[in-house]
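Peer 1: One file is attached below, data.txt, containing compact mmCIF, C-alpha atoms.
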# COMPACT_ATOMS: atom_id res chain seq x y z
CA MET A 1 -50.55 -52.82 -13.87
CA ALA A 2 -51.94 -52.30 -17.37
CA ALA A 3 -51.47 -55.97 -18.16
CA ALA A 4 -53.23 -56.97 -14.96
CA LEU A 5 -56.17 -54.67 -15.65
CA HIS A 6 -56.48 -55.96 -19.18
CA LEU A 7 -56.52 -59.56 -17.98
CA GLN A 8 -59.16 -58.83 -15.39
CA THR A 9 -61.50 -57.60 -18.13
CA HIS A 10 -60.85 -60.63 -20.35
CA THR A 11 -64.12 -62.44 -20.98
CA CYS A 12 -63.97 -65.95 -19.57
CA PHE A 13 -66.86 -68.38 -19.63
CA HIS A 14 -67.44 -69.16 -15.95
CA GLY A 15 -70.89 -68.30 -14.71
CA THR A 16 -72.31 -69.01 -18.19
CA PHE A 17 -70.44 -72.23 -18.76
CA GLN A 18 -71.93 -73.55 -22.01
CA LEU A 19 -70.69 -76.78 -23.50
CA SER A 20 -70.64 -78.16 -26.99
CA PRO A 21 -72.06 -81.69 -27.35
CA PRO A 22 -69.93 -83.37 -26.24
CA PRO A 23 -45.68 -100.89 -11.47
CA ARG A 24 -46.47 -97.77 -9.28
CA LEU A 25 -46.87 -97.32 -5.56
CA SER A 26 -50.35 -96.32 -4.56
CA VAL A 27 -52.64 -96.82 -1.60
CA SER A 28 -56.35 -96.24 -1.25
CA PHE A 29 -58.03 -94.64 1.76
CA PRO A 30 -61.65 -94.86 2.88
CA SER A 31 -63.67 -91.66 2.92
CA LEU A 32 -64.53 -90.33 6.36
CA SER A 33 -67.23 -87.93 7.47
CA ARG A 34 -65.86 -85.55 10.09
CA SER A 35 -64.65 -82.03 10.63
CA PHE A 36 -60.99 -81.12 10.17
CA PRO A 37 -58.86 -83.12 12.62
CA SER A 38 -57.92 -81.06 15.65
CA ASN A 39 -55.20 -83.13 17.28
CA ARG A 40 -51.53 -82.99 16.32
CA ARG A 41 -51.37 -86.70 15.49
CA SER A 42 -54.05 -86.33 12.84
CA LEU A 43 -52.73 -83.29 11.01
CA SER A 44 -49.41 -81.47 11.07
CA ALA A 45 -49.52 -78.35 13.22
CA HIS A 46 -48.22 -76.06 10.48
CA VAL A 47 -50.99 -77.25 8.16
CA LYS A 48 -53.67 -76.25 10.68
CA ALA A 49 -52.06 -72.93 11.60
CA ALA A 50 -53.92 -69.77 10.68
CA VAL A 51 -52.30 -67.71 7.92
CA SER A 52 -52.40 -63.92 8.17
CA SER A 53 -53.85 -62.02 5.22
CA SER A 54 -50.77 -59.79 5.03
CA SER A 55 -48.32 -62.70 4.80
CA THR A 56 -50.53 -64.41 2.22
CA THR A 57 -50.65 -61.25 0.10
CA THR A 58 -46.87 -60.84 0.26
CA LEU A 59 -46.36 -64.47 -0.71
CA GLN A 60 -48.80 -64.24 -3.62
CA GLU A 61 -47.11 -61.10 -4.93
CA GLY A 62 -43.77 -62.91 -4.81
CA ILE A 63 -45.20 -65.93 -6.64
CA ALA A 64 -46.68 -63.72 -9.35
CA GLU A 65 -43.42 -61.82 -9.85
CA PHE A 66 -41.38 -65.03 -9.90
CA TYR A 67 -43.51 -66.53 -12.67
CA ASP A 68 -43.79 -63.21 -14.51
CA GLU A 69 -39.99 -63.30 -14.77
CA SER A 70 -39.35 -66.99 -15.34
CA SER A 71 -42.18 -68.24 -17.58
CA GLY A 72 -40.67 -66.89 -20.79
CA ILE A 73 -37.35 -68.65 -20.37
CA TRP A 74 -39.11 -71.88 -19.38
CA GLU A 75 -41.32 -71.81 -22.47
CA ASP A 76 -38.37 -70.99 -24.71
CA ILE A 77 -36.34 -73.97 -23.52
CA TRP A 78 -38.92 -76.48 -22.29
CA GLY A 79 -42.17 -75.62 -24.05
CA ASP A 80 -45.60 -74.89 -22.63
CA HIS A 81 -45.76 -77.57 -19.90
CA MET A 82 -44.36 -76.10 -16.70
CA HIS A 83 -44.13 -79.27 -14.62
CA HIS A 84 -42.06 -82.40 -14.04
CA GLY A 85 -41.79 -85.21 -16.55
CA TYR A 86 -42.70 -88.81 -15.75
CA TYR A 87 -40.04 -91.50 -16.35
CA ASP A 88 -40.02 -95.25 -15.91
CA PRO A 89 -37.83 -96.15 -12.90
CA GLY A 90 -34.35 -97.27 -13.83
CA SER A 91 -34.68 -96.27 -17.47
CA ASP A 92 -31.79 -94.75 -19.41
CA VAL A 93 -32.87 -91.14 -19.80
CA SER A 94 -29.68 -89.75 -21.29
CA GLY A 95 -31.40 -89.32 -24.63
CA SER A 96 -34.97 -89.00 -23.36
CA ASP A 97 -37.43 -86.62 -24.87
CA HIS A 98 -38.16 -84.65 -21.74
CA ARG A 99 -41.10 -82.83 -23.29
CA ALA A 100 -42.65 -86.21 -24.07
CA ALA A 101 -42.09 -87.12 -20.41
CA GLN A 102 -44.11 -84.04 -19.40
CA ILE A 103 -47.00 -85.24 -21.57
CA LEU A 104 -46.64 -88.68 -20.00
CA MET A 105 -46.99 -87.03 -16.58
CA ILE A 106 -50.43 -85.78 -17.63
CA GLU A 107 -51.47 -89.15 -19.03
CA GLU A 108 -50.24 -91.09 -16.00
CA SER A 109 -52.08 -88.70 -13.67
CA LEU A 110 -55.32 -89.27 -15.59
CA ARG A 111 -54.76 -93.03 -15.55
CA PHE A 112 -54.05 -93.03 -11.82
CA ALA A 113 -57.29 -91.17 -11.14
CA GLY A 114 -59.29 -93.47 -13.42
CA ILE A 115 -60.48 -90.76 -15.81
CA SER A 116 -62.49 -92.41 -18.55
CA ASP A 117 -61.86 -92.03 -22.29
CA ASP A 118 -65.43 -93.15 -22.93
CA PRO A 119 -67.18 -90.25 -24.70
CA ALA A 120 -70.21 -90.74 -22.47
CA ASN A 121 -68.21 -90.42 -19.23
CA ARG A 122 -65.24 -88.22 -20.06
CA PRO A 123 -64.98 -84.80 -18.36
CA LYS A 124 -66.70 -81.96 -20.18
CA ARG A 125 -65.88 -79.12 -17.78
CA ILE A 126 -62.34 -78.77 -16.40
CA VAL A 127 -60.55 -76.24 -14.21
CA ASP A 128 -56.75 -75.99 -14.16
CA VAL A 129 -55.77 -74.52 -10.78
CA GLY A 130 -52.33 -72.96 -11.18
CA CYS A 131 -52.39 -73.21 -14.96
CA GLY A 132 -49.01 -71.74 -15.92
CA ILE A 133 -49.21 -70.76 -19.58
CA GLY A 134 -52.00 -73.25 -20.19
CA GLY A 135 -50.18 -76.34 -21.42
CA SER A 136 -52.25 -78.82 -19.40
CA SER A 137 -55.48 -76.94 -20.11
CA ARG A 138 -55.03 -77.06 -23.86
CA TYR A 139 -53.98 -80.72 -23.76
CA LEU A 140 -56.96 -81.77 -21.63
CA ALA A 141 -59.44 -79.70 -23.66
CA ARG A 142 -58.17 -81.25 -26.88
CA LYS A 143 -58.08 -84.79 -25.47
CA TYR A 144 -61.62 -84.74 -24.11
CA GLY A 145 -63.31 -82.15 -26.29
CA ALA A 146 -63.95 -80.25 -23.07
CA LYS A 147 -64.19 -76.64 -21.98
CA CYS A 148 -61.28 -75.78 -19.69
CA GLN A 149 -60.66 -72.72 -17.53
CA GLY A 150 -57.30 -71.91 -15.98
CA ILE A 151 -56.32 -69.60 -13.15
CA THR A 152 -52.90 -68.26 -12.16
CA LEU A 153 -51.52 -65.47 -9.99
CA SER A 154 -49.22 -64.33 -12.80
CA PRO A 155 -50.56 -61.72 -15.26
CA VAL A 156 -47.77 -62.64 -17.66
CA GLN A 157 -48.74 -66.31 -17.59
CA ALA A 158 -52.44 -65.56 -18.07
CA GLY A 159 -51.68 -63.22 -20.95
CA ARG A 160 -49.48 -65.77 -22.70
CA ALA A 161 -52.00 -68.56 -22.07
CA ASN A 162 -54.81 -66.50 -23.62
CA ALA A 163 -52.58 -65.66 -26.58
CA LEU A 164 -52.24 -69.40 -27.23
CA ALA A 165 -55.90 -70.19 -26.46
CA ASN A 166 -58.69 -71.38 -28.70
CA ALA A 167 -62.44 -71.30 -28.07
CA GLN A 168 -62.23 -74.32 -25.74
CA VAL A 169 -59.97 -72.71 -23.15
CA CYS A 170 -59.91 -69.49 -21.15
CA PHE A 171 -57.48 -68.08 -18.59
CA GLU A 172 -57.53 -65.37 -15.94
CA VAL A 173 -55.66 -64.01 -12.94
CA ALA A 174 -57.30 -65.41 -9.82
CA ASP A 175 -56.56 -66.78 -6.35
CA ALA A 176 -56.79 -70.55 -5.90
CA LEU A 177 -57.85 -69.93 -2.29
CA ASN A 178 -60.83 -67.88 -3.48
CA GLN A 179 -61.73 -69.19 -6.90
CA PRO A 180 -64.08 -67.10 -9.07
CA PHE A 181 -66.39 -69.99 -9.88
CA PRO A 182 -69.79 -71.17 -8.65
CA ASP A 183 -70.12 -74.29 -6.52
CA ASP A 184 -70.36 -77.73 -8.16
CA GLN A 185 -68.99 -76.56 -11.51
CA PHE A 186 -66.30 -78.88 -12.89
CA ASP A 187 -66.16 -82.59 -13.77
CA LEU A 188 -62.37 -82.54 -13.39
CA VAL A 189 -60.47 -80.29 -10.96
CA TRP A 190 -56.81 -80.37 -11.97
CA SER A 191 -53.88 -79.03 -9.90
CA MET A 192 -50.49 -79.83 -11.40
CA GLU A 193 -47.67 -78.62 -9.14
CA SER A 194 -49.44 -75.62 -7.66
CA GLY A 195 -50.38 -76.93 -4.21
CA GLU A 196 -46.87 -76.34 -2.88
CA HIS A 197 -47.44 -72.59 -3.28
CA MET A 198 -50.62 -72.56 -1.16
CA PRO A 199 -50.16 -70.97 2.28
CA ASP A 200 -53.45 -72.35 3.62
CA LYS A 201 -53.69 -76.01 2.66
CA PRO A 202 -57.12 -76.63 4.27
CA LYS A 203 -58.59 -73.65 2.40
CA PHE A 204 -56.95 -74.83 -0.83
CA VAL A 205 -58.50 -78.28 -0.50
CA GLU A 206 -61.89 -76.80 0.48
CA GLU A 207 -61.90 -74.71 -2.71
CA LEU A 208 -60.97 -77.68 -4.90
CA VAL A 209 -63.88 -79.62 -3.40
CA ARG A 210 -66.30 -76.68 -3.59
CA VAL A 211 -65.89 -76.12 -7.34
CA ALA A 212 -65.96 -79.85 -8.19
CA ALA A 213 -69.27 -81.09 -9.56
CA PRO A 214 -71.00 -83.94 -7.73
CA GLY A 215 -69.30 -87.09 -8.96
CA GLY A 216 -66.36 -85.02 -10.24
CA THR A 217 -62.72 -86.01 -9.87
CA ILE A 218 -59.99 -83.99 -8.15
CA ILE A 219 -56.33 -84.57 -9.04
CA VAL A 220 -53.53 -82.90 -7.07
CA VAL A 221 -49.92 -83.47 -8.14
CA THR A 222 -47.54 -81.68 -5.82
CA TRP A 223 -44.28 -81.56 -3.92
CA CYS A 224 -44.55 -82.72 -0.32
CA HIS A 225 -42.19 -83.46 2.52
CA ARG A 226 -41.90 -87.03 3.76
CA ASP A 227 -44.57 -88.42 6.05
CA LEU A 228 -43.67 -88.14 9.72
CA GLY A 229 -43.12 -91.26 11.76
CA PRO A 230 -45.46 -92.23 14.64
CA SER A 231 -43.13 -90.72 17.24
CA GLU A 232 -42.18 -87.58 15.28
CA GLU A 233 -43.62 -84.16 15.98
CA SER A 234 -41.78 -82.46 13.11
CA LEU A 235 -39.06 -82.88 10.54
CA GLN A 236 -35.45 -83.01 11.66
CA PRO A 237 -33.77 -79.58 11.95
CA TRP A 238 -31.48 -80.25 8.99
CA GLU A 239 -34.47 -81.29 6.87
CA GLN A 240 -36.38 -78.14 7.73
CA LYS A 241 -33.32 -76.01 7.00
CA LEU A 242 -33.03 -77.57 3.55
CA LEU A 243 -36.70 -76.95 2.78
CA ASN A 244 -36.48 -73.37 4.06
CA ARG A 245 -33.74 -72.58 1.56
CA ILE A 246 -35.91 -73.93 -1.25
CA CYS A 247 -38.94 -72.02 0.04
CA ASP A 248 -37.02 -68.76 0.00
CA ALA A 249 -36.07 -69.16 -3.67
CA TYR A 250 -39.38 -70.49 -5.02
CA TYR A 251 -41.84 -68.49 -2.88
CA LEU A 252 -43.20 -71.49 -1.03
CA PRO A 253 -44.94 -71.47 2.35
CA GLU A 254 -44.65 -74.32 4.86
CA TRP A 255 -44.60 -77.74 3.24
CA CYS A 256 -46.96 -80.56 4.21
CA SER A 257 -46.90 -84.32 3.74
CA THR A 258 -48.91 -86.56 1.46
CA SER A 259 -50.75 -87.95 4.46
CA ASP A 260 -51.75 -84.39 5.43
CA TYR A 261 -53.46 -84.00 2.05
CA VAL A 262 -55.18 -87.36 2.43
CA LYS A 263 -56.54 -86.39 5.86
CA LEU A 264 -57.83 -83.08 4.50
CA PHE A 265 -59.77 -84.84 1.75
CA GLN A 266 -61.02 -87.46 4.19
CA SER A 267 -62.32 -84.72 6.49
CA LEU A 268 -64.53 -83.44 3.66
CA SER A 269 -66.00 -86.89 2.96
CA LEU A 270 -64.39 -87.37 -0.44
CA GLN A 271 -64.57 -90.84 -1.93
CA ASP A 272 -62.10 -93.17 -3.65
CA ILE A 273 -59.12 -91.32 -2.17
CA LYS A 274 -55.79 -92.59 -3.52
CA ALA A 275 -52.24 -91.35 -2.99
CA GLY A 276 -49.11 -92.29 -4.90
CA ASP A 277 -45.40 -91.65 -4.40
CA TRP A 278 -43.87 -90.81 -7.78
CA THR A 279 -40.56 -89.53 -6.44
CA GLU A 280 -38.59 -92.16 -8.32
CA ASN A 281 -40.50 -91.42 -11.52
CA VAL A 282 -39.46 -87.75 -11.57
CA ALA A 283 -35.84 -88.27 -10.45
CA PRO A 284 -34.29 -87.53 -13.89
CA PHE A 285 -36.12 -84.23 -14.27
CA TRP A 286 -34.11 -81.78 -12.16
CA PRO A 287 -30.72 -82.92 -13.54
CA ALA A 288 -32.17 -82.34 -17.01
CA VAL A 289 -33.31 -78.84 -16.03
CA ILE A 290 -29.85 -78.05 -14.70
CA ARG A 291 -28.22 -79.31 -17.90
CA SER A 292 -30.53 -77.09 -19.96
CA ALA A 293 -29.55 -74.08 -17.82
CA LEU A 294 -25.87 -74.78 -18.52
CA THR A 295 -26.27 -74.57 -22.29
CA TRP A 296 -25.39 -71.27 -23.94
CA LYS A 297 -29.04 -70.62 -24.75
CA GLY A 298 -30.08 -71.44 -21.20
CA PHE A 299 -27.32 -69.39 -19.61
CA THR A 300 -27.92 -66.25 -21.67
CA SER A 301 -31.70 -66.54 -21.20
CA LEU A 302 -31.21 -66.90 -17.47
CA LEU A 303 -29.11 -63.74 -17.28
CA ARG A 304 -31.82 -61.79 -19.10
CA SER A 305 -34.70 -63.14 -17.02
CA GLY A 306 -34.07 -61.37 -13.72
CA LEU A 307 -32.77 -61.91 -10.21
CA LYS A 308 -35.69 -64.03 -8.99
CA THR A 309 -35.17 -66.57 -11.76
CA ILE A 310 -31.41 -66.64 -11.18
CA LYS A 311 -31.99 -67.21 -7.48
CA GLY A 312 -34.32 -70.09 -8.31
CA ALA A 313 -31.76 -71.63 -10.64
CA LEU A 314 -29.06 -71.53 -7.97
CA VAL A 315 -31.07 -73.72 -5.58
CA MET A 316 -31.99 -76.38 -8.15
CA PRO A 317 -29.30 -78.71 -6.74
CA LEU A 318 -31.10 -78.52 -3.39
CA MET A 319 -34.19 -80.07 -4.99
CA ILE A 320 -32.04 -82.98 -6.12
CA GLU A 321 -30.55 -83.26 -2.64
CA GLY A 322 -34.01 -83.25 -1.08
CA PHE A 323 -35.22 -86.04 -3.37
CA GLN A 324 -32.08 -88.13 -2.87
CA LYS A 325 -32.20 -87.84 0.94
CA GLY A 326 -35.90 -88.69 1.10
CA VAL A 327 -36.99 -85.33 2.48
CA ILE A 328 -38.92 -84.27 -0.64
CA LYS A 329 -41.61 -86.49 -2.08
CA PHE A 330 -43.38 -86.04 -5.39
CA ALA A 331 -46.96 -87.06 -4.73
CA ILE A 332 -50.25 -87.52 -6.51
CA ILE A 333 -53.56 -87.51 -4.68
CA ALA A 334 -56.81 -88.29 -6.48
CA CYS A 335 -60.36 -88.53 -5.18
CA ARG A 336 -64.00 -88.14 -6.15
CA LYS A 337 -66.70 -85.83 -4.84
CA PRO A 338 -69.80 -87.80 -3.83
CA ALA A 339 -72.62 -87.71 -6.37
CA GLU A 340 -75.82 -86.11 -5.19
For this file, produce the structure as structure tokens.
Peer 2:
Amino acid sequence: MAAALHLQTHTCFHGTFQLSPPPRLSVSFPSLSRSFPSNRRSLSAHVKAAVSSSSTTTLQEGIAEFYDESSGIWEDIWGDHMHHGYYDPGSDVSGSDHRAAQILMIEESLRFAGISDDPANRPKRIVDVGCGIGGSSRYLARKYGAKCQGITLSPVQAGRANALANAQVCFEVADALNQPFPDDQFDLVWSMESGEHMPDKPKFVEELVRVAAPGGTIIVVTWCHRDLGPSEESLQPWEQKLLNRICDAYYLPEWCSTSDYVKLFQSLSLQDIKAGDWTENVAPFWPAVIRSALTWKGFTSLLRSGLKTIKGALVMPLMIEGFQKGVIKFAIIACRKPAE
């Protein structure tokens, strides 16, 4: 509790945001102007379903505790980027620098979204939604000379991120479904592997759009389930059972598909919407994580980290199974908020 109270009083710079001078599969979708789709064919039923405040609170507490426990071991073994690496399909990754692959994930996401390196057009204000210990925030701030703010549910993550911060970056404990920022604030809204934790996907997308500045870019990189076929109402029972076991270990709500995200952004009249399937590009990552857990350093760190982290480690093979069987997709969705 003391750590949480301390982090809540940490001075961040939102509200007075002052700036210094400053072959992949993808498909584009037209922007549409309409309210959220109401029929089952347009949007998965579980995506539209109302989420009770009590279940959301319980889930968020579990997420915070999971990352409070596990972030230290992850940083110790893998560094400050708490996300997948990006690998060229078919490459020999036996000797790969997996930390370099995590940096490449950031660069490929920026390239996919068409973020400019031109000093006149590069982002100057960035928010990292689900920031971990701030690896992406610090990288983006340094790359673009930008101010970057990060939010996380984990007091431990926010504390560690602020300990590593410089004047360009700032971190706080906050809810991605109710972000503590004014409207139209950020040139780049960045969500790297946090969307899967969001119990209310429409509200999550609404908040990303709300805080984006006119003309700003939104990038969501996230785990999804496969798109449903035209005649399917839901995943197969065995697929849902597999995802439920993963959800239980990693504090995830119902999954959605890439097409669900696209429809949500379309419903809010976003422009230049693109989605990509990078499942093949992240395939080497989970085997590498498992190998790191089986080293003496990884094993002893895991035992010290707590039951939630151990439980998460035990279901890592299920992530590999989900990818291999086509149930789990690793997706990127990028779009632009219309300029005023």
Peer 1: Tell me, in Å to one decimal, how far CA of Ala146 in chain A is from CA of Met192 in chain A.
Peer 2: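 Result for CA of Ala146 in chain A versus CA of Met192 in chain A: 17.8 Å, one decimal.
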Peer 1: If you count all atoms listed in the file, which residues fall within 12 Å of range 109-121 of chain A, apart from same-chain ones fewer than 5 positions away, as a PyMOL selection string?
Peer 2: chain A and resi 21-28+84-86+102-104+136+139-140+143-146+187-193+215-222+271-278+331-336
Peer 1: Env of Leu235 in chain A: 12 Å cut, atoms = all atoms listed in the file, seq-sep filter 3 positions within chain, self excluded. Answer as a list in words.
Peer 2: Ser44, Ala45, His46, His225, Arg226, Asp227, Leu228, Gly229, Ser231, Glu232, Trp238, Glu239, Gln240, Lys241, Leu242, Leu243, Asn244, Glu254, Trp255, Cys256, Ser257, Gly326, Val327 and Ile328 of chain A
Peer 1: List the spatial neighbours of Asp80 in chain A as a ChimeraX atom specification - criterion: any atom at most 8 Å away, all atoms listed in the file, same-chain residues fewer than 4 positions off excluded.
Peer 2: /A:74-75,133-135
Peer 1: For the interface of range 75-179 of chain A with range 200-209 of chain A (cut-off 8 Å, counting all atoms listed in the file), please tabulate each contacting residue of range 75-179 of chain A alongside its nearest pair of atoms and their separation in Å to one decimal, rows sorted by chain and increasing number, as a tab-separated table.
Peer 2:
residue	atom	partner	partner_atom	distance
A:Ala176	CA	A:Phe204	CA	6.6
A:Leu177	CA	A:Phe204	CA	5.2
A:Asn178	CA	A:Glu207	CA	7.0
A:Gln179	CA	A:Glu207	CA	6.9
Peer 1: Using only C-alpha atoms, which of the listed residues (A:Val262, A:Val156, A:Val289, A:Ile246) sits closest to Lys311 in chain A?
Peer 2: A:Ile246
Peer 1: Calculate how many Å separate CA of Ile77 in chain A from CA of Cys247 in chain A, rounding to one decimal.
Peer 2: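 Distance reported for this atom pair: 23.8 Å.
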Peer 1: If I take CA of Tyr261 in chain A and CA of Asp68 in chain A, how far is one from the other in Å, to one decimal?
Peer 2: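 Computing it gives 28.3 Å between the two atoms.
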Peer 1: Nearest to Gln168 in chain A: which of A:Ser137, A:Ser71, A:Gln324, A:Thr56 is it, counting only C-alpha atoms?
Peer 2: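 Of A:Ser137, A:Ser71, A:Gln324, A:Thr56, the one nearest Gln168 in chain A, counting only C-alpha atoms, is A:Ser137.
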Peer 1: Once you add 6 Å to each side, what are the centre and edge lengths of the axis-aligned box holding all listed atoms of range 112-131 of chain A? One decimal in Å, as AutoDock Vina command-line options, if you can.
Peer 2:
--center_x -61.3 --center_y -83.2 --center_z -17.7 --size_x 29.9 --size_y 32.5 --size_z 25.9
Peer 1: At a cut-off of 9 Å, using only C-alpha atoms, what residues contact Asn166 in chain A? Leave out same-chain residues fewer than 4 positions from it and give the result as a ChimeraX atom specification.
Peer 2: /A:138,162,170
Peer 1: Give the answer as one residue: which of A:Glu69, A:Tyr250, A:Leu268, A:Pro123 has the shortest atom-to-atom distance to Ser154 in chain A, using all atoms listed in the file?
Peer 2: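 Using all atoms listed in the file, Ser154 in chain A sits closest to A:Glu69.
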Peer 1: Ranking A:Phe66, A:Phe265, A:Tyr87, A:Phe285 by minimum distance to Glu107 in chain A and counting all atoms listed in the file, which one comes first?
Peer 2: A:Tyr87
Peer 1: Check the smallest atom-to-atom distance from each of A:Cys148, A:Phe323, A:Ala167, A:Gln266 to Pro284 in chain A using all atoms listed in the file, then report the winner.
Peer 2: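 Between A:Cys148, A:Phe323, A:Ala167, A:Gln266, the residue approaching Pro284 in chain A most closely is A:Phe323.
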